[in-house]
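As stored in structure-v3.txt (compact mmCIF, N, CA and C atoms):
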```txt
# COMPACT_ATOMS: atom_id res chain seq x y z
N ALA A 1481 7.24 1.34 3.84
CA ALA A 1481 7.30 0.07 4.56
C ALA A 1481 8.76 -0.37 4.66
N VAL A 1482 9.07 -1.07 5.72
CA VAL A 1482 10.41 -1.64 5.90
C VAL A 1482 10.25 -3.10 6.28
N SER A 1483 11.32 -3.87 6.07
CA SER A 1483 11.28 -5.27 6.47
C SER A 1483 11.93 -5.44 7.83
N ASP A 1484 11.65 -6.57 8.45
CA ASP A 1484 12.33 -6.90 9.69
C ASP A 1484 13.79 -7.25 9.36
N ALA A 1485 14.61 -7.44 10.37
CA ALA A 1485 16.04 -7.67 10.18
C ALA A 1485 16.32 -8.92 9.36
N LEU A 1486 15.45 -9.92 9.43
CA LEU A 1486 15.65 -11.16 8.68
C LEU A 1486 15.11 -11.10 7.25
N GLY A 1487 14.41 -10.02 6.93
CA GLY A 1487 13.85 -9.88 5.59
C GLY A 1487 12.67 -10.80 5.34
N LEU A 1488 11.90 -11.08 6.40
CA LEU A 1488 10.77 -11.99 6.27
C LEU A 1488 9.42 -11.27 6.17
N THR A 1489 9.28 -10.18 6.92
CA THR A 1489 7.99 -9.50 6.95
C THR A 1489 8.14 -8.00 6.70
N ALA A 1490 7.11 -7.43 6.15
CA ALA A 1490 7.08 -5.99 5.87
C ALA A 1490 6.14 -5.31 6.86
N GLN A 1491 6.56 -4.13 7.33
CA GLN A 1491 5.72 -3.34 8.23
C GLN A 1491 5.63 -1.91 7.70
N GLY A 1492 4.44 -1.35 7.77
CA GLY A 1492 4.26 0.04 7.37
C GLY A 1492 4.82 0.95 8.45
N ILE A 1493 5.50 2.02 8.04
CA ILE A 1493 6.06 2.93 9.04
C ILE A 1493 5.58 4.37 8.88
N GLU A 1494 5.48 4.83 7.66
CA GLU A 1494 5.12 6.25 7.45
C GLU A 1494 4.71 6.44 5.99
N ILE A 1495 3.76 7.34 5.78
CA ILE A 1495 3.40 7.73 4.43
C ILE A 1495 4.09 9.06 4.14
N VAL A 1496 4.94 9.09 3.13
CA VAL A 1496 5.63 10.31 2.74
C VAL A 1496 4.87 10.89 1.56
N ARG A 1497 4.21 12.01 1.80
CA ARG A 1497 3.40 12.64 0.75
C ARG A 1497 4.03 13.97 0.36
N ARG A 1498 4.00 14.23 -0.93
CA ARG A 1498 4.44 15.55 -1.40
C ARG A 1498 3.31 16.54 -1.22
N LYS A 1499 3.64 17.68 -0.66
CA LYS A 1499 2.61 18.71 -0.44
C LYS A 1499 2.19 19.35 -1.76
N SER A 1500 3.11 19.39 -2.73
CA SER A 1500 2.81 19.86 -4.07
C SER A 1500 3.85 19.29 -5.03
N GLU A 1501 3.57 19.38 -6.30
CA GLU A 1501 4.46 18.80 -7.32
C GLU A 1501 5.89 19.30 -7.23
N ASN A 1502 6.08 20.56 -6.83
CA ASN A 1502 7.43 21.12 -6.81
C ASN A 1502 8.15 20.91 -5.48
N LYS A 1503 7.65 20.04 -4.63
CA LYS A 1503 8.27 19.76 -3.33
C LYS A 1503 9.01 18.42 -3.35
N LEU A 1504 9.55 18.05 -4.49
CA LEU A 1504 10.21 16.76 -4.63
C LEU A 1504 11.45 16.65 -3.75
N ARG A 1505 12.20 17.75 -3.60
CA ARG A 1505 13.41 17.71 -2.78
C ARG A 1505 13.11 17.35 -1.33
N GLN A 1506 12.02 17.90 -0.81
CA GLN A 1506 11.63 17.58 0.57
C GLN A 1506 11.25 16.11 0.69
N THR A 1507 10.55 15.60 -0.30
CA THR A 1507 10.16 14.19 -0.31
C THR A 1507 11.39 13.30 -0.32
N LEU A 1508 12.34 13.60 -1.20
CA LEU A 1508 13.56 12.81 -1.28
C LEU A 1508 14.38 12.90 0.01
N ALA A 1509 14.41 14.07 0.61
CA ALA A 1509 15.15 14.26 1.86
C ALA A 1509 14.53 13.40 2.97
N ARG A 1510 13.20 13.35 3.02
CA ARG A 1510 12.54 12.54 4.06
C ARG A 1510 12.80 11.05 3.82
N ILE A 1511 12.76 10.63 2.58
CA ILE A 1511 13.04 9.23 2.27
C ILE A 1511 14.48 8.89 2.65
N GLU A 1512 15.38 9.80 2.38
CA GLU A 1512 16.78 9.59 2.75
C GLU A 1512 16.95 9.47 4.27
N GLU A 1513 16.23 10.31 5.02
CA GLU A 1513 16.26 10.23 6.49
C GLU A 1513 15.77 8.87 6.98
N ILE A 1514 14.66 8.42 6.41
CA ILE A 1514 14.08 7.13 6.81
C ILE A 1514 15.06 6.01 6.46
N ALA A 1515 15.65 6.08 5.28
CA ALA A 1515 16.60 5.05 4.85
C ALA A 1515 17.78 4.97 5.83
N LYS A 1516 18.28 6.11 6.26
CA LYS A 1516 19.39 6.12 7.24
C LYS A 1516 18.94 5.56 8.58
N GLU A 1517 17.78 6.00 9.02
CA GLU A 1517 17.26 5.57 10.32
C GLU A 1517 17.10 4.05 10.41
N TYR A 1518 16.63 3.43 9.32
CA TYR A 1518 16.36 2.00 9.32
C TYR A 1518 17.48 1.17 8.68
N GLY A 1519 18.56 1.82 8.28
CA GLY A 1519 19.68 1.10 7.68
C GLY A 1519 19.31 0.44 6.35
N VAL A 1520 18.55 1.14 5.55
CA VAL A 1520 18.07 0.61 4.27
C VAL A 1520 19.22 0.48 3.28
N GLU A 1521 19.35 -0.70 2.70
CA GLU A 1521 20.35 -0.94 1.66
C GLU A 1521 19.72 -1.02 0.28
N LYS A 1522 18.44 -1.37 0.26
CA LYS A 1522 17.74 -1.55 -1.00
C LYS A 1522 16.34 -0.98 -0.86
N ILE A 1523 15.90 -0.24 -1.88
CA ILE A 1523 14.55 0.30 -1.90
C ILE A 1523 13.76 -0.47 -2.96
N VAL A 1524 12.56 -0.90 -2.58
CA VAL A 1524 11.64 -1.55 -3.51
C VAL A 1524 10.58 -0.51 -3.85
N LEU A 1525 10.55 -0.13 -5.11
CA LEU A 1525 9.65 0.92 -5.58
C LEU A 1525 8.54 0.31 -6.41
N GLY A 1526 7.31 0.66 -6.07
CA GLY A 1526 6.17 0.16 -6.84
C GLY A 1526 6.23 0.61 -8.29
N PHE A 1527 5.95 -0.32 -9.19
CA PHE A 1527 5.98 -0.06 -10.63
C PHE A 1527 4.57 -0.23 -11.16
N PRO A 1528 3.86 0.89 -11.40
CA PRO A 1528 2.45 0.83 -11.76
C PRO A 1528 2.20 0.53 -13.24
N LYS A 1529 2.35 -0.72 -13.59
CA LYS A 1529 2.08 -1.13 -14.98
C LYS A 1529 0.58 -1.21 -15.21
N HIS A 1530 0.21 -1.15 -16.48
CA HIS A 1530 -1.19 -1.38 -16.86
C HIS A 1530 -1.47 -2.88 -16.74
N MET A 1531 -2.73 -3.23 -16.66
CA MET A 1531 -3.10 -4.65 -16.52
C MET A 1531 -2.60 -5.49 -17.69
N ASN A 1532 -2.44 -4.89 -18.87
CA ASN A 1532 -1.94 -5.64 -20.03
C ASN A 1532 -0.40 -5.65 -20.08
N ASN A 1533 0.24 -5.19 -19.00
CA ASN A 1533 1.69 -5.19 -18.84
C ASN A 1533 2.39 -4.03 -19.55
N ASP A 1534 1.62 -3.13 -20.17
CA ASP A 1534 2.22 -1.95 -20.80
C ASP A 1534 2.70 -0.97 -19.74
N ILE A 1535 3.64 -0.14 -20.14
CA ILE A 1535 4.16 0.90 -19.25
C ILE A 1535 3.57 2.23 -19.70
N GLY A 1536 2.82 2.86 -18.82
CA GLY A 1536 2.18 4.13 -19.14
C GLY A 1536 2.92 5.29 -18.51
N GLU A 1537 2.24 6.43 -18.45
CA GLU A 1537 2.84 7.66 -17.94
C GLU A 1537 3.25 7.53 -16.47
N ARG A 1538 2.40 6.93 -15.65
CA ARG A 1538 2.73 6.77 -14.21
C ARG A 1538 3.96 5.89 -14.04
N ALA A 1539 4.07 4.84 -14.83
CA ALA A 1539 5.24 3.95 -14.74
C ALA A 1539 6.50 4.69 -15.19
N GLU A 1540 6.38 5.52 -16.21
CA GLU A 1540 7.52 6.32 -16.66
C GLU A 1540 7.99 7.26 -15.55
N LYS A 1541 7.02 7.88 -14.85
CA LYS A 1541 7.36 8.77 -13.74
C LYS A 1541 8.04 7.98 -12.62
N SER A 1542 7.61 6.76 -12.40
CA SER A 1542 8.23 5.91 -11.38
C SER A 1542 9.67 5.58 -11.75
N LEU A 1543 9.93 5.35 -13.02
CA LEU A 1543 11.31 5.09 -13.47
C LEU A 1543 12.19 6.33 -13.26
N GLU A 1544 11.62 7.50 -13.51
CA GLU A 1544 12.37 8.75 -13.26
C GLU A 1544 12.65 8.91 -11.76
N PHE A 1545 11.65 8.59 -10.94
CA PHE A 1545 11.80 8.69 -9.49
C PHE A 1545 12.86 7.71 -8.99
N LYS A 1546 12.92 6.55 -9.61
CA LYS A 1546 13.93 5.55 -9.26
C LYS A 1546 15.33 6.15 -9.35
N GLU A 1547 15.59 6.88 -10.42
CA GLU A 1547 16.91 7.49 -10.61
C GLU A 1547 17.24 8.49 -9.50
N MET A 1548 16.23 9.16 -8.98
CA MET A 1548 16.44 10.11 -7.90
C MET A 1548 16.68 9.41 -6.56
N LEU A 1549 16.13 8.21 -6.40
CA LEU A 1549 16.25 7.49 -5.14
C LEU A 1549 17.61 6.83 -4.94
N VAL A 1550 18.40 6.73 -5.97
CA VAL A 1550 19.69 6.05 -5.87
C VAL A 1550 20.57 6.70 -4.79
N ARG A 1551 20.33 7.96 -4.48
CA ARG A 1551 21.05 8.64 -3.38
C ARG A 1551 20.77 7.99 -2.04
N SER A 1552 19.54 7.52 -1.85
CA SER A 1552 19.10 7.00 -0.56
C SER A 1552 19.47 5.54 -0.33
N ALA A 1553 19.67 4.80 -1.39
CA ALA A 1553 20.02 3.38 -1.28
C ALA A 1553 20.80 3.00 -2.53
N SER A 1554 21.77 2.14 -2.37
CA SER A 1554 22.61 1.77 -3.51
C SER A 1554 21.82 1.00 -4.57
N THR A 1555 20.75 0.33 -4.15
CA THR A 1555 19.96 -0.45 -5.08
C THR A 1555 18.50 -0.04 -4.99
N VAL A 1556 17.87 0.18 -6.14
CA VAL A 1556 16.44 0.45 -6.19
C VAL A 1556 15.83 -0.58 -7.14
N VAL A 1557 14.91 -1.38 -6.62
CA VAL A 1557 14.26 -2.43 -7.39
C VAL A 1557 12.85 -2.00 -7.75
N MET A 1558 12.50 -2.12 -9.02
CA MET A 1558 11.13 -1.83 -9.44
C MET A 1558 10.31 -3.11 -9.26
N TRP A 1559 9.15 -2.98 -8.58
CA TRP A 1559 8.32 -4.15 -8.30
C TRP A 1559 6.89 -3.88 -8.72
N ASP A 1560 6.34 -4.80 -9.48
CA ASP A 1560 4.97 -4.68 -10.00
C ASP A 1560 3.99 -4.42 -8.86
N GLU A 1561 3.25 -3.34 -8.96
CA GLU A 1561 2.31 -2.99 -7.90
C GLU A 1561 0.86 -3.16 -8.31
N ARG A 1562 0.62 -3.81 -9.45
CA ARG A 1562 -0.76 -3.95 -9.91
C ARG A 1562 -1.63 -4.61 -8.84
N LEU A 1563 -2.76 -4.03 -8.62
CA LEU A 1563 -3.82 -4.49 -7.71
C LEU A 1563 -3.47 -4.38 -6.23
N THR A 1564 -2.32 -3.82 -5.87
CA THR A 1564 -2.02 -3.70 -4.44
C THR A 1564 -2.95 -2.72 -3.74
N THR A 1565 -3.35 -1.65 -4.42
CA THR A 1565 -4.27 -0.70 -3.81
C THR A 1565 -5.65 -1.35 -3.63
N VAL A 1566 -6.07 -2.14 -4.60
CA VAL A 1566 -7.34 -2.86 -4.50
C VAL A 1566 -7.28 -3.84 -3.33
N GLU A 1567 -6.16 -4.56 -3.22
CA GLU A 1567 -5.98 -5.52 -2.13
C GLU A 1567 -5.96 -4.81 -0.78
N ALA A 1568 -5.29 -3.67 -0.71
CA ALA A 1568 -5.23 -2.90 0.54
C ALA A 1568 -6.62 -2.42 0.94
N ASP A 1569 -7.37 -1.92 -0.02
CA ASP A 1569 -8.73 -1.44 0.26
C ASP A 1569 -9.61 -2.59 0.73
N ARG A 1570 -9.50 -3.73 0.09
CA ARG A 1570 -10.29 -4.91 0.45
C ARG A 1570 -9.94 -5.36 1.88
N THR A 1571 -8.66 -5.36 2.20
CA THR A 1571 -8.22 -5.76 3.54
C THR A 1571 -8.81 -4.83 4.59
N MET A 1572 -8.78 -3.53 4.33
CA MET A 1572 -9.33 -2.58 5.29
C MET A 1572 -10.83 -2.74 5.43
N MET A 1573 -11.50 -3.03 4.32
CA MET A 1573 -12.95 -3.22 4.35
C MET A 1573 -13.28 -4.46 5.21
N GLU A 1574 -12.51 -5.53 5.01
CA GLU A 1574 -12.74 -6.77 5.77
C GLU A 1574 -12.48 -6.60 7.26
N THR A 1575 -11.58 -5.69 7.61
CA THR A 1575 -11.27 -5.48 9.02
C THR A 1575 -12.18 -4.43 9.65
N GLY A 1576 -13.11 -3.89 8.88
CA GLY A 1576 -14.11 -2.98 9.41
C GLY A 1576 -13.71 -1.52 9.46
N ILE A 1577 -12.66 -1.14 8.75
CA ILE A 1577 -12.27 0.27 8.72
C ILE A 1577 -13.26 1.02 7.85
N ARG A 1578 -13.79 2.09 8.37
CA ARG A 1578 -14.80 2.86 7.65
C ARG A 1578 -14.23 3.44 6.37
N ARG A 1579 -15.07 3.55 5.36
CA ARG A 1579 -14.67 4.02 4.03
C ARG A 1579 -13.94 5.37 4.09
N GLU A 1580 -14.45 6.29 4.89
CA GLU A 1580 -13.84 7.62 4.95
C GLU A 1580 -12.45 7.59 5.60
N ASN A 1581 -12.15 6.56 6.36
CA ASN A 1581 -10.83 6.45 6.99
C ASN A 1581 -9.84 5.65 6.15
N ARG A 1582 -10.30 4.93 5.17
CA ARG A 1582 -9.43 4.07 4.36
C ARG A 1582 -8.42 4.86 3.55
N LYS A 1583 -8.83 6.02 3.01
CA LYS A 1583 -7.93 6.83 2.18
C LYS A 1583 -6.64 7.16 2.91
N GLU A 1584 -6.75 7.36 4.22
CA GLU A 1584 -5.60 7.75 5.01
C GLU A 1584 -4.53 6.65 5.05
N TYR A 1585 -4.94 5.41 4.99
CA TYR A 1585 -4.01 4.29 5.19
C TYR A 1585 -3.74 3.45 3.95
N VAL A 1586 -4.49 3.64 2.88
CA VAL A 1586 -4.40 2.74 1.73
C VAL A 1586 -2.99 2.70 1.13
N ASP A 1587 -2.30 3.82 1.07
CA ASP A 1587 -0.96 3.84 0.49
C ASP A 1587 0.04 3.06 1.35
N MET A 1588 -0.08 3.19 2.67
CA MET A 1588 0.84 2.46 3.54
C MET A 1588 0.62 0.96 3.44
N ILE A 1589 -0.64 0.55 3.43
CA ILE A 1589 -0.94 -0.88 3.34
C ILE A 1589 -0.52 -1.42 1.98
N ALA A 1590 -0.74 -0.65 0.92
CA ALA A 1590 -0.29 -1.07 -0.41
C ALA A 1590 1.23 -1.21 -0.43
N ALA A 1591 1.95 -0.29 0.22
CA ALA A 1591 3.42 -0.37 0.30
C ALA A 1591 3.85 -1.64 1.02
N VAL A 1592 3.13 -2.00 2.07
CA VAL A 1592 3.43 -3.24 2.78
C VAL A 1592 3.24 -4.43 1.84
N PHE A 1593 2.16 -4.44 1.06
CA PHE A 1593 1.92 -5.54 0.12
C PHE A 1593 3.00 -5.61 -0.96
N ILE A 1594 3.44 -4.46 -1.44
CA ILE A 1594 4.49 -4.43 -2.46
C ILE A 1594 5.78 -5.02 -1.89
N LEU A 1595 6.19 -4.53 -0.72
CA LEU A 1595 7.42 -5.04 -0.11
C LEU A 1595 7.30 -6.51 0.26
N GLN A 1596 6.15 -6.91 0.81
CA GLN A 1596 5.98 -8.31 1.19
C GLN A 1596 6.04 -9.21 -0.04
N GLY A 1597 5.50 -8.77 -1.16
CA GLY A 1597 5.59 -9.54 -2.40
C GLY A 1597 7.03 -9.74 -2.81
N TYR A 1598 7.82 -8.70 -2.69
CA TYR A 1598 9.24 -8.80 -3.03
C TYR A 1598 9.98 -9.72 -2.07
N LEU A 1599 9.71 -9.59 -0.77
CA LEU A 1599 10.35 -10.46 0.22
C LEU A 1599 9.99 -11.93 0.00
N ASP A 1600 8.72 -12.18 -0.32
CA ASP A 1600 8.28 -13.55 -0.60
C ASP A 1600 8.99 -14.10 -1.84
N TYR A 1601 9.15 -13.27 -2.85
CA TYR A 1601 9.88 -13.65 -4.06
C TYR A 1601 11.32 -14.04 -3.71
N LEU A 1602 12.00 -13.22 -2.91
CA LEU A 1602 13.38 -13.52 -2.52
C LEU A 1602 13.46 -14.83 -1.75
N SER A 1603 12.51 -15.04 -0.85
CA SER A 1603 12.48 -16.27 -0.06
C SER A 1603 12.29 -17.48 -0.97
N HIS A 1604 11.40 -17.35 -1.94
CA HIS A 1604 11.16 -18.45 -2.88
C HIS A 1604 12.40 -18.72 -3.73
N GLN A 1605 13.08 -17.67 -4.16
CA GLN A 1605 14.31 -17.82 -4.95
C GLN A 1605 15.37 -18.57 -4.13
N LYS A 1606 15.49 -18.21 -2.87
CA LYS A 1606 16.47 -18.84 -1.99
C LYS A 1606 16.15 -20.33 -1.81
N GLU A 1607 14.87 -20.64 -1.61
CA GLU A 1607 14.45 -22.03 -1.47
C GLU A 1607 14.74 -22.82 -2.72
N SER A 1608 14.48 -22.22 -3.89
CA SER A 1608 14.72 -22.90 -5.17
C SER A 1608 16.19 -23.21 -5.36
N GLN A 1609 17.06 -22.30 -4.95
CA GLN A 1609 18.51 -22.50 -5.09
C GLN A 1609 19.02 -23.58 -4.15
N GLU A 1610 18.38 -23.72 -2.98
CA GLU A 1610 18.81 -24.72 -2.01
C GLU A 1610 18.38 -26.12 -2.41
N ASN A 1611 17.36 -26.24 -3.23
CA ASN A 1611 16.85 -27.57 -3.62
C ASN A 1611 17.45 -28.05 -4.90
```

Is it possible to express this structure as C-alpha cells?
Amino acid sequence: AVSDALGLTAQGIEIVRRKSENKLRQTLARIEEIAKEYGVEKIVLGFPKHMNNDIGERAEKSLEFKEMLVRSASTVVMWDERLTTVEADRTMMETGIRRENRKEYVDMIAAVFILQGYLDYLSHQKESQEN
C-alpha cells in the first residue's frame, strides 16, 4: 500500500509474494522497484505481535526483514498489525466478496489498514502539537 501525496489516505497497489522461502532477493528487488516508482521515503512494516503484546517468532522475522528493507527506504517503521487481517476479511465479507476470492485480496487490504493506521496516528500527532 502507498499513501497519497498529502499522506492522508492509503491505497493498495500490489501484493508482493515470495514464490518460495529462498526467493527473498527477488522480493526485496520488487519492493525496491515499487519504492522508487512511488518515491517512497518511509516504509511502514506490519509488526505481528501476539494479542498479549508479546513478540513471537513471526515478529522476530519481521524485525529481521526490517533490516533488509533499509535499502529501499531510509526509514522503516514497525507498526502493530494485530487484527488487521480479521478487519480486512470482515470488510470483504460486508462488501459481498465471496469467501473463495477473499484470500486473493486479504493481504492487500490488511496492508491498507496498517498504513492507514499509521497515517491517522501521524495526523493525530500533528493536531496535538498544533493545539

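With distances taken over only N, CA and C atoms, A:Val1496 is the one residue among A:Val1496, A:Thr1571, A:Leu1508, A:Glu1540 lying closest to A:Asp1587.
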
- [ ] Run DSSP on the backbone and grab whatever in chain A lands in strand (DSSP E or B); send it over as JSON, numbers by chain.
- [x] {"A": [1482, 1483, 1490, 1491, 1522, 1523, 1524, 1525, 1526, 1527, 1555, 1556, 1557, 1558, 1559, 1560]}

- [ ] Quote the spacing between atom CA of A:Ile1535 and atom C of A:Ile1511 in Å to one decimal place.
- [x]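 So the two atoms, atom CA of A:Ile1535 and atom C of A:Ile1511, lie 25.5 Å apart.
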
With 3 Å of padding per side, what axis-aligned box (centre and edge lengths, Å, one decimal) covers all the listed atoms of stretch 1537-1549 of chain A? Give it as lines of an AutoDock Vina configuration file.
```
center_x = 9.9
center_y = 7.0
center_z = -11.7
size_x = 21.4
size_y = 12.2
size_z = 19.5
```

Task: Shortest interatomic distance to A:Val1524 - which of A:Gln1605, A:Val1586, A:Lys1503, A:Ile1594, counting only N, CA and C atoms - done: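 The shortest atom-to-atom distance to A:Val1524 comes from A:Ile1594.
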
TODO: Between A:Glu1574, A:Asp1569, A:Glu1521, A:Glu1537, single out the one closest to A:Val1556, counting only C-alpha atoms.
DONE: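 Among A:Glu1574, A:Asp1569, A:Glu1521, A:Glu1537, it is A:Glu1521 that comes nearest to A:Val1556.
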
Open item on the list: Can you tell me, as a PyMOL selection string, which residues in chain A count as alpha helix (DSSP H) by DSSP?
Closed with: chain A and resi 1504-1518+1537-1549+1564-1574+1579-1610

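Here atom CA of A:Asp1484 and atom C of A:Arg1562 stand 23.3 Å from one another.
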
TODO: With a distance cut-off of 10 Å and only C-alpha atoms, select the neighbouring residues of A:Ala1591, excluding the residue or stretch itself and same-chain residues fewer than 3 positions from it, and output the selection as a VMD selection string.
DONE: chain A and resid 1481 to 1482 1490 to 1495 1524 to 1526 1561 1564 to 1565 1568 1586 to 1588 1594 to 1597

Export N, CA and C atoms of the chosen residues as a JSON list (two decimals), in the coordinates of the input?
```json
[["chain", "number", "residue", "atom", "x", "y", "z"],
["A", 1481, "ALA", "N", 7.24, 1.34, 3.84],
["A", 1481, "ALA", "CA", 7.30, 0.07, 4.56],
["A", 1481, "ALA", "C", 8.76, -0.37, 4.66],
["A", 1482, "VAL", "N", 9.07, -1.07, 5.72],
["A", 1482, "VAL", "CA", 10.41, -1.64, 5.90],
["A", 1482, "VAL", "C", 10.25, -3.10, 6.28],
["A", 1490, "ALA", "N", 7.11, -7.43, 6.15],
["A", 1490, "ALA", "CA", 7.08, -5.99, 5.87],
["A", 1490, "ALA", "C", 6.14, -5.31, 6.86],
["A", 1491, "GLN", "N", 6.56, -4.13, 7.33],
["A", 1491, "GLN", "CA", 5.72, -3.34, 8.23],
["A", 1491, "GLN", "C", 5.63, -1.91, 7.70],
["A", 1492, "GLY", "N", 4.44, -1.35, 7.77],
["A", 1492, "GLY", "CA", 4.26, 0.04, 7.37],
["A", 1492, "GLY", "C", 4.82, 0.95, 8.45],
["A", 1493, "ILE", "N", 5.50, 2.02, 8.04],
["A", 1493, "ILE", "CA", 6.06, 2.93, 9.04],
["A", 1493, "ILE", "C", 5.58, 4.37, 8.88],
["A", 1494, "GLU", "N", 5.48, 4.83, 7.66],
["A", 1494, "GLU", "CA", 5.12, 6.25, 7.45],
["A", 1494, "GLU", "C", 4.71, 6.44, 5.99],
["A", 1495, "ILE", "N", 3.76, 7.34, 5.78],
["A", 1495, "ILE", "CA", 3.40, 7.73, 4.43],
["A", 1495, "ILE", "C", 4.09, 9.06, 4.14],
["A", 1524, "VAL", "N", 12.56, -0.90, -2.58],
["A", 1524, "VAL", "CA", 11.64, -1.55, -3.51],
["A", 1524, "VAL", "C", 10.58, -0.51, -3.85],
["A", 1525, "LEU", "N", 10.55, -0.13, -5.11],
["A", 1525, "LEU", "CA", 9.65, 0.92, -5.58],
["A", 1525, "LEU", "C", 8.54, 0.31, -6.41],
["A", 1526, "GLY", "N", 7.31, 0.66, -6.07],
["A", 1526, "GLY", "CA", 6.17, 0.16, -6.84],
["A", 1526, "GLY", "C", 6.23, 0.61, -8.29],
["A", 1561, "GLU", "N", 3.25, -3.34, -8.96],
["A", 1561, "GLU", "CA", 2.31, -2.99, -7.90],
["A", 1561, "GLU", "C", 0.86, -3.16, -8.31],
["A", 1564, "THR", "N", -2.32, -3.82, -5.87],
["A", 1564, "THR", "CA", -2.02, -3.70, -4.44],
["A", 1564, "THR", "C", -2.95, -2.72, -3.74],
["A", 1565, "THR", "N", -3.35, -1.65, -4.42],
["A", 1565, "THR", "CA", -4.27, -0.70, -3.81],
["A", 1565, "THR", "C", -5.65, -1.35, -3.63],
["A", 1568, "ALA", "N", -5.29, -3.67, -0.71],
["A", 1568, "ALA", "CA", -5.23, -2.90, 0.54],
["A", 1568, "ALA", "C", -6.62, -2.42, 0.94],
["A", 1586, "VAL", "N", -4.49, 3.64, 2.88],
["A", 1586, "VAL", "CA", -4.40, 2.74, 1.73],
["A", 1586, "VAL", "C", -2.99, 2.70, 1.13],
["A", 1587, "ASP", "N", -2.30, 3.82, 1.07],
["A", 1587, "ASP", "CA", -0.96, 3.84, 0.49],
["A", 1587, "ASP", "C", 0.04, 3.06, 1.35],
["A", 1588, "MET", "N", -0.08, 3.19, 2.67],
["A", 1588, "MET", "CA", 0.84, 2.46, 3.54],
["A", 1588, "MET", "C", 0.62, 0.96, 3.44],
["A", 1594, "ILE", "N", 3.44, -4.46, -1.44],
["A", 1594, "ILE", "CA", 4.49, -4.43, -2.46],
["A", 1594, "ILE", "C", 5.78, -5.02, -1.89],
["A", 1595, "LEU", "N", 6.19, -4.53, -0.72],
["A", 1595, "LEU", "CA", 7.42, -5.04, -0.11],
["A", 1595, "LEU", "C", 7.30, -6.51, 0.26],
["A", 1596, "GLN", "N", 6.15, -6.91, 0.81],
["A", 1596, "GLN", "CA", 5.98, -8.31, 1.19],
["A", 1596, "GLN", "C", 6.04, -9.21, -0.04],
["A", 1597, "GLY", "N", 5.50, -8.77, -1.16],
["A", 1597, "GLY", "CA", 5.59, -9.54, -2.40],
["A", 1597, "GLY", "C", 7.03, -9.74, -2.81]]
```

- [ ] Measure the distance from atom N of A:Arg1497 to atom CA of A:Ser1603 in Å and round it to one decimal.
- [x]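 Distance between the two atoms: 29.5 Å.
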
TODO: Mind checking which residues fall within 6 Å of A:Phe1527, counting only C-alpha atoms, ignoring those fewer than 6 positions away in the same chain, and posting them as a list of chain:residue names?
DONE: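 Counting only the stated atoms, we get A:Ala1539, A:Met1558, A:Trp1559, A:Asp1560, A:Glu1561.
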
Print the selection's residues with N, CA and C atoms to a file, as a compact mmCIF listing (two decimals), in the frame of the given file.
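What landed in result-v3.txt:
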```txt
# COMPACT_ATOMS: atom_id res chain seq x y z
N ALA A 1539 4.07 4.84 -14.83
CA ALA A 1539 5.24 3.95 -14.74
C ALA A 1539 6.50 4.69 -15.19
N MET A 1558 12.50 -2.12 -9.02
CA MET A 1558 11.13 -1.83 -9.44
C MET A 1558 10.31 -3.11 -9.26
N TRP A 1559 9.15 -2.98 -8.58
CA TRP A 1559 8.32 -4.15 -8.30
C TRP A 1559 6.89 -3.88 -8.72
N ASP A 1560 6.34 -4.80 -9.48
CA ASP A 1560 4.97 -4.68 -10.00
C ASP A 1560 3.99 -4.42 -8.86
N GLU A 1561 3.25 -3.34 -8.96
CA GLU A 1561 2.31 -2.99 -7.90
C GLU A 1561 0.86 -3.16 -8.31
```

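The nearest approach to A:Ile1589 among the residues A:Thr1489, A:Ser1483, A:Ser1608, A:Glu1567, with only N, CA and C atoms taken into account, belongs to A:Glu1567.
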